[in-house]
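This is query30.cif (mmCIF, C-alpha atoms).
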```cif
data_entry
#
loop_
_atom_site.label_atom_id
_atom_site.label_comp_id
_atom_site.auth_asym_id
_atom_site.auth_seq_id
_atom_site.Cartn_x
_atom_site.Cartn_y
_atom_site.Cartn_z
CA MET A 1 0.00 0.00 0.00
CA ASN A 2 1.44 3.40 -0.95
CA LYS A 3 1.21 6.48 1.24
CA GLY A 4 -2.03 7.79 -0.31
CA PRO A 5 -4.45 5.52 1.60
CA TRP A 6 -2.61 6.17 4.87
CA TYR A 7 -2.92 9.90 4.26
CA MET A 8 -6.68 9.50 3.79
CA ILE A 9 -7.15 7.32 6.89
CA PHE A 10 -5.17 9.74 9.05
CA ALA A 11 -7.17 12.66 7.61
CA ALA A 12 -10.40 10.81 8.44
CA LEU A 13 -9.29 10.41 12.07
CA MET A 14 -8.36 14.09 12.36
CA PHE A 15 -11.69 15.17 10.84
CA SER A 16 -13.50 12.87 13.27
CA LEU A 17 -11.79 14.46 16.27
CA MET A 18 -12.69 17.90 14.90
CA ASN A 19 -16.32 16.82 14.49
CA VAL A 20 -16.51 15.64 18.10
CA LEU A 21 -15.23 19.00 19.36
CA VAL A 22 -17.59 20.99 17.11
CA LYS A 23 -20.54 19.01 18.44
CA GLU A 24 -19.36 19.66 22.00
CA LEU A 25 -19.20 23.40 21.23
CA ASN A 26 -22.94 23.70 20.63
CA ARG A 27 -23.15 26.94 22.64
CA ILE A 28 -20.95 28.74 20.10
CA PRO A 29 -22.74 29.97 16.92
CA VAL A 30 -21.79 28.18 13.71
CA PHE A 31 -20.39 31.28 11.95
CA GLU A 32 -18.12 31.87 14.93
CA LEU A 33 -16.97 28.23 14.89
CA VAL A 34 -16.07 28.48 11.21
CA PHE A 35 -14.30 31.79 11.89
CA PHE A 36 -12.10 30.29 14.63
CA ARG A 37 -11.42 27.21 12.54
CA SER A 38 -10.42 29.48 9.64
CA ILE A 39 -8.29 32.04 11.49
CA PHE A 40 -6.14 29.38 13.14
CA SER A 41 -5.75 27.65 9.79
CA LEU A 42 -4.88 30.92 8.06
CA ILE A 43 -2.10 31.72 10.55
CA TYR A 44 -0.75 28.18 10.39
CA MET A 45 -0.74 28.13 6.59
CA ILE A 46 0.98 31.52 6.27
CA VAL A 47 3.78 30.32 8.55
CA LEU A 48 4.03 26.96 6.77
CA LEU A 49 4.09 28.43 3.26
CA ARG A 50 6.72 30.98 4.27
CA HIS A 51 8.81 28.25 5.92
CA LYS A 52 8.67 26.14 2.75
CA ASN A 53 9.23 29.19 0.54
CA ILE A 54 6.07 28.51 -1.49
CA LYS A 55 4.32 31.40 -3.22
CA PRO A 56 0.91 31.51 -1.48
CA PHE A 57 -1.43 32.82 -4.18
CA GLY A 58 -0.87 30.11 -6.78
CA ARG A 59 -1.38 30.08 -10.53
CA ASN A 60 -4.93 28.95 -11.21
CA LYS A 61 -6.50 31.68 -9.11
CA LYS A 62 -10.04 31.30 -10.44
CA ILE A 63 -10.29 27.64 -9.42
CA LEU A 64 -8.44 28.31 -6.16
CA ILE A 65 -10.98 31.00 -5.22
CA LEU A 66 -13.88 28.71 -6.14
CA ARG A 67 -12.33 25.97 -4.01
CA GLY A 68 -12.29 28.40 -1.07
CA VAL A 69 -15.87 29.58 -1.61
CA PHE A 70 -17.30 26.08 -2.06
CA GLY A 71 -15.38 24.79 0.95
CA THR A 72 -16.62 27.66 3.14
CA ILE A 73 -20.26 27.04 2.27
CA ALA A 74 -19.88 23.28 2.71
CA LEU A 75 -18.21 23.56 6.11
CA THR A 76 -20.75 26.07 7.44
CA LEU A 77 -23.68 23.87 6.48
CA PHE A 78 -21.91 20.79 7.82
CA PHE A 79 -21.36 22.43 11.23
CA ILE A 80 -25.09 23.20 11.32
CA THR A 81 -25.91 19.51 10.77
CA LEU A 82 -23.38 18.51 13.45
CA HIS A 83 -25.22 20.70 15.96
CA LYS A 84 -28.70 19.56 14.94
CA THR A 85 -28.36 15.85 14.10
CA PRO A 86 -26.46 12.84 15.54
CA LEU A 87 -22.72 12.88 14.84
CA ALA A 88 -22.72 9.76 12.65
CA ILE A 89 -25.70 10.96 10.58
CA ALA A 90 -24.12 14.36 9.86
CA VAL A 91 -20.83 12.74 8.85
CA ILE A 92 -22.33 9.97 6.71
CA ILE A 93 -24.69 12.27 4.77
CA GLN A 94 -21.60 14.34 3.99
CA TYR A 95 -20.22 11.24 2.25
CA LEU A 96 -22.59 11.85 -0.64
CA SER A 97 -20.07 14.43 -1.88
CA PRO A 98 -18.10 12.08 -4.22
CA ILE A 99 -21.37 11.25 -5.99
CA PHE A 100 -21.89 14.94 -6.67
CA THR A 101 -18.26 15.19 -7.84
CA ILE A 102 -18.99 12.48 -10.43
CA ILE A 103 -22.18 14.27 -11.49
CA PHE A 104 -20.34 17.59 -11.91
CA THR A 105 -17.63 15.86 -13.92
CA SER A 106 -20.29 14.42 -16.21
CA ILE A 107 -22.07 17.75 -16.66
CA PHE A 108 -19.15 20.14 -17.05
CA LEU A 109 -16.51 17.92 -18.61
CA LYS A 110 -18.69 15.47 -20.54
CA ASP A 111 -17.24 12.57 -18.58
CA LYS A 112 -19.47 9.59 -19.33
CA THR A 113 -21.57 8.22 -16.47
CA THR A 114 -22.57 4.56 -16.82
CA PRO A 115 -26.09 3.20 -16.18
CA GLN A 116 -24.69 1.26 -13.21
CA GLN A 117 -23.52 4.50 -11.63
CA TRP A 118 -27.01 6.03 -11.85
CA LEU A 119 -28.32 2.91 -10.12
CA PHE A 120 -25.75 3.38 -7.35
CA PHE A 121 -26.71 7.05 -7.02
CA PHE A 122 -30.27 5.89 -6.45
CA VAL A 123 -29.13 3.32 -3.84
CA SER A 124 -27.32 6.04 -1.86
CA PHE A 125 -30.30 8.37 -1.85
CA ILE A 126 -32.61 5.53 -0.81
CA GLY A 127 -30.17 5.14 2.08
CA VAL A 128 -30.85 8.77 3.04
CA VAL A 129 -34.58 8.01 3.07
CA PHE A 130 -34.05 5.09 5.44
CA ILE A 131 -31.79 7.20 7.66
CA LYS A 132 -34.49 9.83 7.97
CA GLY A 133 -37.12 7.15 8.51
CA PHE A 134 -40.81 7.01 7.71
CA ASP A 135 -42.00 7.74 11.23
CA GLU A 136 -42.69 11.43 11.91
CA SER A 137 -41.53 10.90 15.49
CA ASN A 138 -38.02 10.20 14.19
CA GLN A 139 -35.54 12.50 15.94
CA ILE A 140 -33.71 13.42 12.72
CA PRO A 141 -35.46 16.51 11.24
CA ILE A 142 -35.86 16.38 7.46
CA ASN A 143 -34.81 20.05 7.09
CA TYR A 144 -31.42 19.33 8.63
CA VAL A 145 -31.03 16.21 6.50
CA MET A 146 -31.53 18.51 3.49
CA VAL A 147 -28.96 20.95 4.88
CA GLY A 148 -26.53 18.03 5.09
CA ILE A 149 -27.22 17.04 1.49
CA ILE A 150 -26.66 20.62 0.27
CA SER A 151 -23.40 20.67 2.26
CA SER A 152 -22.30 17.51 0.43
CA VAL A 153 -23.10 19.18 -2.92
CA PHE A 154 -20.68 22.00 -2.13
CA SER A 155 -18.12 19.52 -0.79
CA GLY A 156 -18.35 17.72 -4.11
CA LEU A 157 -17.64 20.99 -5.90
CA ALA A 158 -14.67 21.63 -3.60
CA TYR A 159 -13.24 18.15 -4.31
CA PHE A 160 -13.75 18.77 -8.02
CA CYS A 161 -11.61 21.90 -7.69
CA ILE A 162 -8.91 20.11 -5.64
CA VAL A 163 -8.35 17.51 -8.33
CA LYS A 164 -8.56 20.15 -11.07
CA LEU A 165 -5.69 21.96 -9.35
CA LYS A 166 -3.48 18.88 -9.15
CA ASN A 167 -1.16 19.81 -12.03
CA THR A 168 -1.15 23.59 -11.55
CA ASP A 169 -0.73 24.32 -7.84
CA HIS A 170 1.02 22.94 -4.77
CA HIS A 171 -1.33 21.09 -2.43
CA LEU A 172 -0.50 23.54 0.40
CA VAL A 173 -1.64 26.45 -1.77
CA THR A 174 -4.89 24.59 -2.43
CA VAL A 175 -5.39 24.19 1.32
CA PHE A 176 -4.43 27.83 2.00
CA TYR A 177 -7.28 29.21 -0.11
CA PHE A 178 -9.94 27.85 2.21
CA PRO A 179 -9.01 30.00 5.25
CA LEU A 180 -8.01 32.87 2.95
CA ILE A 181 -11.60 33.05 1.68
CA SER A 182 -13.52 31.95 4.77
CA THR A 183 -11.80 34.10 7.42
CA PRO A 184 -12.96 37.55 6.20
CA ILE A 185 -16.44 36.27 5.34
CA MET A 186 -16.98 34.60 8.70
CA SER A 187 -15.49 37.52 10.66
CA ILE A 188 -18.29 39.72 9.31
CA LEU A 189 -21.07 37.16 9.77
CA SER A 190 -20.04 36.14 13.29
CA PHE A 191 -19.79 39.79 14.43
CA PHE A 192 -23.59 40.07 14.61
CA ASN A 193 -24.04 37.10 16.97
CA TRP A 194 -20.77 36.83 18.86
CA LYS A 195 -20.48 34.77 22.04
CA PHE A 196 -17.26 34.93 24.02
CA PRO A 197 -15.91 31.41 24.60
CA THR A 198 -14.92 30.18 28.04
CA LYS A 199 -11.34 29.03 28.64
CA GLU A 200 -12.34 25.44 28.01
CA GLU A 201 -14.23 26.36 24.87
CA PHE A 202 -11.30 28.43 23.62
CA PHE A 203 -8.99 25.43 24.07
CA TYR A 204 -11.45 23.28 22.11
CA LEU A 205 -11.56 25.92 19.38
CA ILE A 206 -7.77 25.83 19.08
CA CYS A 207 -7.96 22.04 18.77
CA VAL A 208 -10.67 22.34 16.09
CA GLY A 209 -8.34 24.55 14.06
CA PHE A 210 -5.38 22.22 14.59
CA PHE A 211 -7.17 18.95 13.80
CA SER A 212 -8.98 20.34 10.77
CA GLN A 213 -5.84 21.86 9.31
CA ILE A 214 -3.86 18.65 9.62
CA ALA A 215 -6.82 16.78 8.12
CA GLN A 216 -7.06 19.18 5.16
CA ILE A 217 -3.37 18.82 4.37
CA TYR A 218 -3.38 15.03 4.47
CA MET A 219 -6.69 14.71 2.60
CA THR A 220 -5.37 16.93 -0.19
CA LYS A 221 -2.09 14.98 -0.34
CA GLY A 222 -4.07 11.74 -0.43
CA ILE A 223 -6.37 12.87 -3.26
CA GLN A 224 -3.40 14.04 -5.30
CA SER A 225 -1.17 11.05 -4.51
CA GLN A 226 -2.38 8.54 -7.09
CA PRO A 227 -4.09 8.54 -10.49
CA SER A 228 -7.29 6.88 -9.33
CA GLY A 229 -10.54 8.02 -7.78
CA SER A 230 -10.43 4.82 -5.69
CA ILE A 231 -8.31 6.69 -3.14
CA MET A 232 -11.57 8.26 -1.93
CA ILE A 233 -12.70 4.88 -0.59
CA PHE A 234 -10.32 5.26 2.35
CA LYS A 235 -12.08 8.44 3.40
CA TYR A 236 -15.04 6.32 4.52
CA ILE A 237 -13.08 4.92 7.44
CA GLY A 238 -14.42 8.13 8.99
CA ALA A 239 -17.88 6.50 9.13
CA ILE A 240 -16.52 3.93 11.57
CA PHE A 241 -14.89 6.65 13.67
CA ALA A 242 -18.17 8.62 13.70
CA LEU A 243 -20.23 5.63 14.83
CA ILE A 244 -17.73 4.77 17.58
CA PHE A 245 -17.38 8.35 18.88
CA GLY A 246 -21.12 8.95 18.61
CA TYR A 247 -21.91 5.83 20.62
CA PHE A 248 -19.32 6.27 23.39
CA ILE A 249 -19.26 10.07 23.71
CA PHE A 250 -22.79 11.20 22.79
CA ASP A 251 -24.70 7.98 23.58
CA GLU A 252 -26.07 7.85 20.02
CA LYS A 253 -28.02 4.70 19.21
CA PHE A 254 -29.72 3.93 15.90
CA SER A 255 -32.57 1.71 14.81
CA ILE A 256 -32.02 -1.21 12.43
CA GLN A 257 -33.72 0.90 9.76
CA ALA A 258 -31.26 3.80 10.21
CA LEU A 259 -28.26 1.44 10.21
CA PHE A 260 -29.58 -0.14 7.00
CA GLY A 261 -29.83 3.36 5.50
CA ILE A 262 -26.22 4.10 6.49
CA PHE A 263 -25.17 0.83 4.84
CA LEU A 264 -27.05 1.67 1.61
CA LEU A 265 -25.63 5.18 1.42
CA LEU A 266 -22.04 4.01 1.83
CA LEU A 267 -22.59 1.05 -0.50
CA GLY A 268 -23.83 3.32 -3.29
CA VAL A 269 -20.88 5.69 -2.90
CA VAL A 270 -18.22 2.95 -2.81
CA LEU A 271 -19.71 1.06 -5.78
CA ASN A 272 -19.75 4.32 -7.75
CA ILE A 273 -16.02 4.66 -7.22
CA PHE A 274 -15.34 1.06 -8.32
CA PHE A 275 -17.51 1.27 -11.43
CA LYS A 276 -16.36 4.66 -12.65
CA LYS A 277 -14.58 4.15 -15.99
CA LYS A 278 -12.46 7.29 -15.77
CA PRO A 279 -10.83 8.39 -12.51
CA TYR A 280 -11.48 11.95 -11.44
CA ASP A 281 -7.98 13.26 -11.98
CA GLN A 282 -7.62 11.90 -15.52
CA SER A 283 -11.00 13.25 -16.58
CA ILE A 284 -10.59 16.84 -15.46
CA ASN A 285 -6.95 17.62 -16.28
#
```

structure tokens encoding of this file:
Amino acid sequence: MNKGPWYMIFAALMFSLMNVLVKELNRIPVFELVFFRSIFSLIYMIVLLRHKNIKPFGRNKKILILRGVFGTIALTLFFITLHKTPLAIAVIIQYLSPIFTIIFTSIFLKDKTTPQQWLFFFVSFIGVVFIKGFDESNQIPINYVMVGIISSVFSGLAYFCIVKLKNTDHHLVTVFYFPLISTPIMSILSFFNWKFPTKEEFFYLICVGFFSQIAQIYMTKGIQSQPSGSIMIFKYIGAIFALIFGYFIFDEKFSIQALFGIFLLLLGVVLNIFFKKKPYDQSIN
């Protein structure tokens, strides 16, 4: 096994730790959480890029800016779902993003999508239906499930941009554009509903910035490490982390129906990756 899968597994663990802390910080408004996550990342990336003597603003500025915008929207909506739904549900709905990446590749770059892939898309979305459940007393509100799906759409767009940038910009520059875009936007939005964190909350916020930044770096390195979309499969180790942390930390328990929905969603995503004729990076260069 080359380093790519290990990068993705480590990134999944770091993202999982970040998710746990964000859920714990439910007193802090979402815009403020994204702001703190971004400002710590921005400082870290400026220091790192200067240390490595890498020009920070890159070459393909249009796609870099879009990567930052899409990532900002996706993360904000994802933090909302973390606060309003069980940890594992928020994380697993986010895993629809590679499906949307495939769809965007098909639409914008005329990359052929096979009939089997459309079937697998359907399987994943049926999984979402089972996760939500048919009983109105289900504790997972449909509006926040929809917020999670929209978040995954923007994550798919962000991943599309990351792979598009593979041959034009250093992976650290790609990572840098997220906090570069999100910090000023979130500083304005959080100003109107600011809540001063306690010492414990401030420590958690620092950890959120640290874990997420390490995760971003290793995820980007993983995506760009090999010429195959199959590298994304290793990202789904995060589903196991989410279920374990949700159960032991937040006492989250799911019905057989919800667990079946989780299985269907992940099955559809993974089968899509296996049956895709052209890997992402070859199709969008």

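Within 12 Å of the point (-16.7, 38.1, 11.5), and counting all atoms listed in the file, the protein, DNA and RNA residues are Pro29, Val30, Phe31, Glu32, Leu33, Val34, Phe35, Phe36, Ser38, Ile39, Ser182, Thr183, Pro184, Ile185, Met186, Ser187, Ile188, Leu189, Ser190, Phe191, Phe192, Asn193, Trp194 and Lys195 of chain A.
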
Find the nearest atom pair between each residue of range 10-55 of chain A and range 203-219 of chain A for residues within 10 Å, count all atoms listed in the file, give distances in Å to one decimal, sort rows by chain and ascending number, and present the table as JSON lines.
```
{"residue": "A:Phe10", "atom": "CA", "partner": "A:Tyr218", "partner_atom": "CA", "distance": 7.2}
{"residue": "A:Ala11", "atom": "CA", "partner": "A:Ala215", "partner_atom": "CA", "distance": 4.2}
{"residue": "A:Ala12", "atom": "CA", "partner": "A:Ala215", "partner_atom": "CA", "distance": 7.0}
{"residue": "A:Leu13", "atom": "CA", "partner": "A:Ala215", "partner_atom": "CA", "distance": 7.9}
{"residue": "A:Met14", "atom": "CA", "partner": "A:Phe211", "partner_atom": "CA", "distance": 5.2}
{"residue": "A:Phe15", "atom": "CA", "partner": "A:Ala215", "partner_atom": "CA", "distance": 5.8}
{"residue": "A:Ser16", "atom": "CA", "partner": "A:Phe211", "partner_atom": "CA", "distance": 8.8}
{"residue": "A:Leu17", "atom": "CA", "partner": "A:Phe211", "partner_atom": "CA", "distance": 6.9}
{"residue": "A:Met18", "atom": "CA", "partner": "A:Val208", "partner_atom": "CA", "distance": 5.0}
{"residue": "A:Asn19", "atom": "CA", "partner": "A:Val208", "partner_atom": "CA", "distance": 8.1}
{"residue": "A:Val20", "atom": "CA", "partner": "A:Val208", "partner_atom": "CA", "distance": 9.1}
{"residue": "A:Leu21", "atom": "CA", "partner": "A:Tyr204", "partner_atom": "CA", "distance": 6.3}
{"residue": "A:Val22", "atom": "CA", "partner": "A:Val208", "partner_atom": "CA", "distance": 7.1}
{"residue": "A:Glu24", "atom": "CA", "partner": "A:Tyr204", "partner_atom": "CA", "distance": 8.7}
{"residue": "A:Leu25", "atom": "CA", "partner": "A:Tyr204", "partner_atom": "CA", "distance": 7.8}
{"residue": "A:Ile28", "atom": "CA", "partner": "A:Leu205", "partner_atom": "CA", "distance": 9.8}
{"residue": "A:Glu32", "atom": "CA", "partner": "A:Leu205", "partner_atom": "CA", "distance": 9.9}
{"residue": "A:Leu33", "atom": "CA", "partner": "A:Leu205", "partner_atom": "CA", "distance": 7.4}
{"residue": "A:Val34", "atom": "CA", "partner": "A:Gly209", "partner_atom": "CA", "distance": 9.1}
{"residue": "A:Phe35", "atom": "CA", "partner": "A:Gly209", "partner_atom": "CA", "distance": 9.6}
{"residue": "A:Phe36", "atom": "CA", "partner": "A:Leu205", "partner_atom": "CA", "distance": 6.5}
{"residue": "A:Arg37", "atom": "CA", "partner": "A:Gly209", "partner_atom": "CA", "distance": 4.3}
{"residue": "A:Ser38", "atom": "CA", "partner": "A:Gly209", "partner_atom": "CA", "distance": 6.9}
{"residue": "A:Ile39", "atom": "CA", "partner": "A:Gly209", "partner_atom": "CA", "distance": 7.9}
{"residue": "A:Phe40", "atom": "CA", "partner": "A:Gly209", "partner_atom": "CA", "distance": 5.4}
{"residue": "A:Ser41", "atom": "CA", "partner": "A:Gln213", "partner_atom": "CA", "distance": 5.8}
{"residue": "A:Leu42", "atom": "CA", "partner": "A:Gln213", "partner_atom": "CA", "distance": 9.2}
{"residue": "A:Tyr44", "atom": "CA", "partner": "A:Gln213", "partner_atom": "CA", "distance": 8.2}
{"residue": "A:Met45", "atom": "CA", "partner": "A:Gln213", "partner_atom": "CA", "distance": 8.5}
```

What's the separation between CA of Ser97 in chain A and CA of Gly156 in chain A, in Å to one decimal place? 4.3 Å

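From CA of Phe178 in chain A back to CA of Ile43 in chain A, the distance works out to 12.1 Å.
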
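Residue nearest Tyr159 in chain A within the list A:Phe108, A:Phe70, A:Phe245, A:Phe79: A:Phe70 [criterion: smallest interatomic distance, all atoms listed in the file].
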
If you count all atoms listed in the file, which residues fall within 9 Å of Phe263 in chain A, apart from same-chain ones fewer than 5 positions away, as a ChimeraX atom specification? /A:124,127,258,268

Dump of C-alpha atoms for the selected residues, as a PDB file, in the frame of the given file:
```pdb
ATOM      1  CA  SER A 124     -27.320   6.040  -1.860  1.00  0.00           C
ATOM      2  CA  GLY A 127     -30.170   5.140   2.080  1.00  0.00           C
ATOM      3  CA  ALA A 258     -31.260   3.800  10.210  1.00  0.00           C
ATOM      4  CA  GLY A 268     -23.830   3.320  -3.290  1.00  0.00           C
TER       5      GLY A 268
END
```

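Here CA of Ser151 in chain A stands at a distance of 7.1 Å from CA of Leu75 in chain A.
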
Residues proximal to (-19.8, 9.7, 4.2) were defined as those with any atom within 8 Å of that point in the file's coordinates, counting only C-alpha atoms. Which are they, as a ChimeraX atom specification? /A:91-97,235-236,238-239,265-266

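When all atoms listed in the file are used to measure the gap to Ile9 in chain A, the shortest distance among A:Lys253, A:Gly222, A:Leu271, A:Phe121 belongs to A:Gly222.
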
Using only C-alpha atoms, which residues sit within 10 Å of Ser225 in chain A once same-chain residues fewer than 3 positions away are excluded, as an NGL selection string? :A and (2-5 or 7 or 166 or 219-222 or 228 or 231)

Could you state which residues are captured by the PyMOL selection byres ((chain A and resi 84) around 12) in this file, as a ChimeraX atom specification? /A:22-24,26,30,77-83,85-90,139-148

Neighbours of range 112-120 of chain A within 8 Å (only C-alpha atoms; same-chain residues fewer than 5 positions away dropped), as a ChimeraX atom specification? /A:102-103,106,267-269,271-272,275-276

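Distances to Asn167 in chain A were evaluated for A:Ile107, A:Gln224, A:Val128, A:Leu48 using only C-alpha atoms, and the minimum falls at A:Gln224.
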
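Ranking A:Phe100, A:Trp6, A:Tyr177, A:Phe160 by their shortest atom-to-atom distance to Thr72 in chain A, with all atoms listed in the file included, puts A:Tyr177 first.
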
Need the shell around Cys161 in chain A: protein/DNA/RNA residues with any atom at most 8 Å away, counting all atoms listed in the file. Skip same-chain ones fewer than 2 positions apart. Format as an MDAnalysis selection string? chainID A and resid 63:64 66:67 157:159 163:165
